[in-house]
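Reviewing the structure listed below.
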Amino acid sequence: MSNDKIILELAEEVVHLCTEKNVMIATAESCTGGLVAGAITEIPGASQVLERGFVTYSDQSKTEMLGVMQITLKQYGAVSKDVALEMAHGAMARSEAGISVSTTGIAGPTGGSTGKPVGLVHFGGRHYKGAMIHREMNFGDIGRHEIRMRSVEVALEMIIELAKLG
């Protein structure tokens with residue numbers, strides 16, 4: 001099954017489940033550049049569940065728009081569990097959403113290092129009842145487009161997981 005088909009099926013499930021649960025979503029995206037929100041808006045009825053999306057590609061935008069602390073960025077780097085969780089928290093705090101998801105990673109082809117290779121992506125998720133989840137995926141150097149598409153899949157799966165909590 002192609003990435004596009006998988007993403008559309010996941011996005012359909014997100015819209016259906018969040019509509020059923022009457023919960024709104026906020027996305028906080030770095031390496032995916034708005035593709036998670038874009039996938040959700042492919043589905044009719046998305047306006048019932050997508051509250052807003054933040055595209056925070058730079059460190060400055062993560063701080064200004066989402067409240068990610070500069071010390072967190074300095075200590076752990078933008079591609080880290082800590083930043084992903086702060087992004088998810090900030091998206092929820094700055095919206096009317098009940099679920100938030102964040103993506104921050106290295107899509108390549110450059111920018112990787114020994115400790116943080118191309119293909120490393122951290123995801124954060126938050127539910128209004130307090131649950132927070134994190135995923136760390138190392139997709140490998142499979143190409144920028146493929147890393148981003150696989151990241152969208154993981155983010156949508158996390159929204160589904162969070163929606164099932166409440």
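Ordering of the structure tokens sets the chain letters (A, B, ...); residue numbers start at 1 within each chain; ligands are numbered from 1 in the order shown.
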List the spatial neighbours of stretch 69-83 of chain A as a PDB file with N, CA and C atoms, in the first residue's frame - criterion: any atom at most 12 Å away, only C-alpha atoms, same-chain residues fewer than 6 positions off excluded.
```pdb
ATOM      1  N   ALA A  28       1.774  20.685  15.931  1.00  0.00           N
ATOM      2  CA  ALA A  28       2.972  21.522  16.065  1.00  0.00           C
ATOM      3  C   ALA A  28       4.052  20.824  15.245  1.00  0.00           C
ATOM      4  N   GLU A  29       4.341  21.352  14.081  1.00  0.00           N
ATOM      5  CA  GLU A  29       5.179  20.631  13.132  1.00  0.00           C
ATOM      6  C   GLU A  29       6.457  21.384  12.786  1.00  0.00           C
ATOM      7  N   SER A  30       7.546  20.642  12.790  1.00  0.00           N
ATOM      8  CA  SER A  30       8.813  21.173  12.318  1.00  0.00           C
ATOM      9  C   SER A  30       9.168  20.447  11.020  1.00  0.00           C
ATOM     10  N   CYS A  31       9.736  19.259  11.106  1.00  0.00           N
ATOM     11  CA  CYS A  31      10.218  18.570   9.897  1.00  0.00           C
ATOM     12  C   CYS A  31       9.106  18.219   8.913  1.00  0.00           C
ATOM     13  N   THR A  56       6.532  25.304  12.956  1.00  0.00           N
ATOM     14  CA  THR A  56       7.612  25.962  13.701  1.00  0.00           C
ATOM     15  C   THR A  56       8.939  25.331  13.290  1.00  0.00           C
ATOM     16  N   TYR A  57       9.415  25.750  12.150  1.00  0.00           N
ATOM     17  CA  TYR A  57      10.619  25.154  11.581  1.00  0.00           C
ATOM     18  C   TYR A  57      11.888  25.633  12.286  1.00  0.00           C
ATOM     19  N   SER A  58      11.912  26.899  12.675  1.00  0.00           N
ATOM     20  CA  SER A  58      13.111  27.438  13.331  1.00  0.00           C
ATOM     21  C   SER A  58      12.995  27.312  14.845  1.00  0.00           C
ATOM     22  N   ASP A  59      14.146  27.342  15.509  1.00  0.00           N
ATOM     23  CA  ASP A  59      14.147  27.329  16.975  1.00  0.00           C
ATOM     24  C   ASP A  59      13.396  28.541  17.523  1.00  0.00           C
ATOM     25  N   GLN A  60      13.598  29.700  16.903  1.00  0.00           N
ATOM     26  CA  GLN A  60      12.945  30.921  17.357  1.00  0.00           C
ATOM     27  C   GLN A  60      11.418  30.772  17.299  1.00  0.00           C
ATOM     28  N   SER A  61      10.908  30.164  16.235  1.00  0.00           N
ATOM     29  CA  SER A  61       9.463  29.996  16.130  1.00  0.00           C
ATOM     30  C   SER A  61       8.937  29.001  17.164  1.00  0.00           C
ATOM     31  N   LYS A  62       9.728  27.999  17.491  1.00  0.00           N
ATOM     32  CA  LYS A  62       9.322  27.048  18.543  1.00  0.00           C
ATOM     33  C   LYS A  62       9.171  27.781  19.877  1.00  0.00           C
ATOM     34  N   THR A  63      10.075  28.704  20.134  1.00  0.00           N
ATOM     35  CA  THR A  63      10.025  29.485  21.373  1.00  0.00           C
ATOM     36  C   THR A  63       8.876  30.492  21.337  1.00  0.00           C
ATOM     37  N   HIS A  89       2.885  20.303  24.283  1.00  0.00           N
ATOM     38  CA  HIS A  89       2.290  21.041  25.395  1.00  0.00           C
ATOM     39  C   HIS A  89       1.920  22.461  24.953  1.00  0.00           C
ATOM     40  N   GLY A  90       2.832  23.121  24.263  1.00  0.00           N
ATOM     41  CA  GLY A  90       2.603  24.488  23.812  1.00  0.00           C
ATOM     42  C   GLY A  90       1.453  24.593  22.830  1.00  0.00           C
ATOM     43  N   SER A 102       3.144  16.667  17.942  1.00  0.00           N
ATOM     44  CA  SER A 102       4.276  17.448  17.436  1.00  0.00           C
ATOM     45  C   SER A 102       5.260  16.549  16.708  1.00  0.00           C
ATOM     46  N   THR A 103       5.996  17.161  15.770  1.00  0.00           N
ATOM     47  CA  THR A 103       7.045  16.461  15.025  1.00  0.00           C
ATOM     48  C   THR A 103       8.284  17.341  14.980  1.00  0.00           C
ATOM     49  N   THR A 104       9.435  16.753  15.244  1.00  0.00           N
ATOM     50  CA  THR A 104      10.704  17.463  15.095  1.00  0.00           C
ATOM     51  C   THR A 104      11.776  16.445  14.732  1.00  0.00           C
ATOM     52  N   GLY A 105      12.454  16.679  13.619  1.00  0.00           N
ATOM     53  CA  GLY A 105      13.409  15.676  13.183  1.00  0.00           C
ATOM     54  C   GLY A 105      14.369  16.188  12.129  1.00  0.00           C
ATOM     55  N   ILE A 106      15.143  15.249  11.598  1.00  0.00           N
ATOM     56  CA  ILE A 106      16.152  15.549  10.576  1.00  0.00           C
ATOM     57  C   ILE A 106      15.769  14.791   9.314  1.00  0.00           C
ATOM     58  N   ALA A 107      15.191  15.512   8.357  1.00  0.00           N
ATOM     59  CA  ALA A 107      14.713  14.884   7.131  1.00  0.00           C
ATOM     60  C   ALA A 107      15.812  14.740   6.077  1.00  0.00           C
ATOM     61  N   GLY A 111      22.430  17.671   7.652  1.00  0.00           N
ATOM     62  CA  GLY A 111      22.003  18.052   8.987  1.00  0.00           C
ATOM     63  C   GLY A 111      22.167  16.969  10.031  1.00  0.00           C
ATOM     64  N   GLY A 112      22.432  15.767   9.599  1.00  0.00           N
ATOM     65  CA  GLY A 112      22.593  14.677  10.549  1.00  0.00           C
ATOM     66  C   GLY A 112      23.967  14.670  11.190  1.00  0.00           C
ATOM     67  N   SER A 113      24.068  13.947  12.310  1.00  0.00           N
ATOM     68  CA  SER A 113      25.345  13.772  13.005  1.00  0.00           C
ATOM     69  C   SER A 113      25.380  12.344  13.542  1.00  0.00           C
ATOM     70  N   GLY A 115      25.238  11.318  16.641  1.00  0.00           N
ATOM     71  CA  GLY A 115      24.213  11.139  17.668  1.00  0.00           C
ATOM     72  C   GLY A 115      22.795  11.373  17.173  1.00  0.00           C
ATOM     73  N   LYS A 116      22.668  12.170  16.121  1.00  0.00           N
ATOM     74  CA  LYS A 116      21.346  12.495  15.565  1.00  0.00           C
ATOM     75  C   LYS A 116      21.421  12.375  14.043  1.00  0.00           C
ATOM     76  N   PRO A 117      21.245  11.153  13.550  1.00  0.00           N
ATOM     77  CA  PRO A 117      21.399  10.925  12.117  1.00  0.00           C
ATOM     78  C   PRO A 117      20.192  11.392  11.298  1.00  0.00           C
ATOM     79  N   VAL A 118      20.395  11.549  10.008  1.00  0.00           N
ATOM     80  CA  VAL A 118      19.289  11.812   9.095  1.00  0.00           C
ATOM     81  C   VAL A 118      18.281  10.676   9.263  1.00  0.00           C
ATOM     82  N   GLY A 119      17.025  11.049   9.381  1.00  0.00           N
ATOM     83  CA  GLY A 119      15.958  10.055   9.572  1.00  0.00           C
ATOM     84  C   GLY A 119      15.464   9.953  10.996  1.00  0.00           C
ATOM     85  N   LEU A 120      16.143  10.642  11.937  1.00  0.00           N
ATOM     86  CA  LEU A 120      15.704  10.636  13.332  1.00  0.00           C
ATOM     87  C   LEU A 120      14.577  11.653  13.509  1.00  0.00           C
ATOM     88  N   VAL A 121      13.457  11.199  14.059  1.00  0.00           N
ATOM     89  CA  VAL A 121      12.318  12.092  14.304  1.00  0.00           C
ATOM     90  C   VAL A 121      11.752  11.796  15.689  1.00  0.00           C
ATOM     91  N   HIS A 122      11.497  12.859  16.438  1.00  0.00           N
ATOM     92  CA  HIS A 122      10.837  12.755  17.741  1.00  0.00           C
ATOM     93  C   HIS A 122       9.419  13.299  17.601  1.00  0.00           C
ATOM     94  N   PHE A 123       8.489  12.631  18.257  1.00  0.00           N
ATOM     95  CA  PHE A 123       7.082  12.988  18.236  1.00  0.00           C
ATOM     96  C   PHE A 123       6.598  13.165  19.666  1.00  0.00           C
ATOM     97  N   GLY A 124       5.773  14.161  19.881  1.00  0.00           N
ATOM     98  CA  GLY A 124       5.131  14.359  21.177  1.00  0.00           C
ATOM     99  C   GLY A 124       3.630  14.386  20.983  1.00  0.00           C
ATOM    100  N   GLY A 125       2.924  13.932  21.993  1.00  0.00           N
ATOM    101  CA  GLY A 125       1.472  13.975  21.937  1.00  0.00           C
ATOM    102  C   GLY A 125       0.915  14.278  23.308  1.00  0.00           C
ATOM    103  N   MET A 132       0.528  12.200  28.224  1.00  0.00           N
ATOM    104  CA  MET A 132       1.527  12.656  27.256  1.00  0.00           C
ATOM    105  C   MET A 132       2.239  11.425  26.721  1.00  0.00           C
ATOM    106  N   ILE A 133       2.481  11.398  25.421  1.00  0.00           N
ATOM    107  CA  ILE A 133       3.193  10.276  24.824  1.00  0.00           C
ATOM    108  C   ILE A 133       4.333  10.799  23.958  1.00  0.00           C
ATOM    109  N   HIS A 134       5.307   9.952  23.759  1.00  0.00           N
ATOM    110  CA  HIS A 134       6.486  10.292  22.962  1.00  0.00           C
ATOM    111  C   HIS A 134       6.840   9.092  22.091  1.00  0.00           C
ATOM    112  N   ARG A 135       7.266   9.358  20.899  1.00  0.00           N
ATOM    113  CA  ARG A 135       7.817   8.328  20.017  1.00  0.00           C
ATOM    114  C   ARG A 135       9.139   8.846  19.477  1.00  0.00           C
ATOM    115  N   GLU A 136      10.076   7.958  19.357  1.00  0.00           N
ATOM    116  CA  GLU A 136      11.350   8.259  18.694  1.00  0.00           C
ATOM    117  C   GLU A 136      11.491   7.257  17.568  1.00  0.00           C
ATOM    118  N   MET A 137      11.583   7.759  16.360  1.00  0.00           N
ATOM    119  CA  MET A 137      11.724   6.893  15.194  1.00  0.00           C
ATOM    120  C   MET A 137      13.027   7.235  14.480  1.00  0.00           C
ATOM    121  N   ASN A 138      13.742   6.185  14.079  1.00  0.00           N
ATOM    122  CA  ASN A 138      14.902   6.391  13.222  1.00  0.00           C
ATOM    123  C   ASN A 138      14.607   5.676  11.915  1.00  0.00           C
TER     124      ASN A 138
END
```
Contact residues around A:His127 with only C-alpha atoms at 8 Å, ignoring same-chain residues under 5 positions, as a list in words: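 Once the adjacent positions are removed, what remains is Gly98, Ile99, Ser100, Met132, Leu162, Ala163 and Leu165 of chain A.
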Emit the selected residues as a tab-separated table (two decimals), in the first residue's frame, including N, CA and C atoms.
```
chain	number	residue	atom	x	y	z
A	98	GLY	N	-8.10	19.60	22.29
A	98	GLY	CA	-8.04	18.63	23.36
A	98	GLY	C	-6.97	17.58	23.13
A	99	ILE	N	-6.43	17.55	21.91
A	99	ILE	CA	-5.34	16.65	21.54
A	99	ILE	C	-4.33	17.45	20.74
A	100	SER	N	-3.05	17.24	21.04
A	100	SER	CA	-2.01	17.87	20.22
A	100	SER	C	-0.96	16.83	19.86
A	132	MET	N	0.53	12.20	28.22
A	132	MET	CA	1.53	12.66	27.26
A	132	MET	C	2.24	11.43	26.72
A	162	LEU	N	-4.32	8.76	21.10
A	162	LEU	CA	-4.77	9.74	22.10
A	162	LEU	C	-6.29	9.90	22.11
A	163	ALA	N	-6.89	9.89	20.94
A	163	ALA	CA	-8.34	10.06	20.86
A	163	ALA	C	-9.07	8.89	21.54
A	165	LEU	N	-8.28	7.53	24.19
A	165	LEU	CA	-8.19	7.66	25.64
A	165	LEU	C	-9.43	8.29	26.26
```
Among the residues A:Gly108, A:Gly38, A:Gly143, A:Gly166, the one that comes closest to A:Val55 [using only C-alpha atoms]: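 Among the listed residues, the smallest separation from A:Val55 belongs to A:Gly38.
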Please provide the set of residues having any atom within 12 Å of A:Ile43, restricted to only C-alpha atoms, with same-chain residues fewer than 4 positions apart removed, written as a PyMOL selection string. chain A and resi 7-16+19+36-39+47-50
Based on the backbone DSSP call, show me all residues of chain A assigned helix (DSSP H, G or I), as a PyMOL selection string. chain A and resi 3-21+35-41+46-48+59-66+70-76+81-93+144-163
Can you measure atom CA of A:Val68 to atom CA of A:Met87 for me? One decimal in Å is fine.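 Computing the Euclidean distance for atom CA of A:Val68 and atom CA of A:Met87 yields 6.2 Å.
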Could you jot down the atom CA of A:Ala97 to atom CA of A:Asp4 separation for me, Å, one decimal place?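 The value is 25.8 Å.
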Which parts of stretch 34-166 of chain A does DSSP call strand (DSSP E) when run on the backbone here, written out as a list in words?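 Filtering stretch 34-166 of chain A down to strand (DSSP E) leaves Leu50, Glu51, Arg52, Gly53, Phe54, Val55, Ile99, Ser100, Val101, Ser102, Thr103, Thr104, Gly105, Leu120, Val121, His122, Phe123, Gly124, Gly125, Arg126, His127, Met132, Ile133, His134, Arg135, Glu136, Met137 and Asn138 of chain A.
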Option closest in space to A:Arg144, from A:Thr32, A:Ala131, A:Leu85, A:Val101 [counting only C-alpha atoms]: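 Closest candidate: A:Thr32.
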Counting only C-alpha atoms, the option among A:Ala93, A:Ile6, A:Leu17, A:Met158 closest to A:Gly45: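 Smallest distance to A:Gly45 is found for A:Leu17.
Taking atom CA of A:Val154 and atom CA of A:Lys129 as the two end points, the separation is 21.3 Å.
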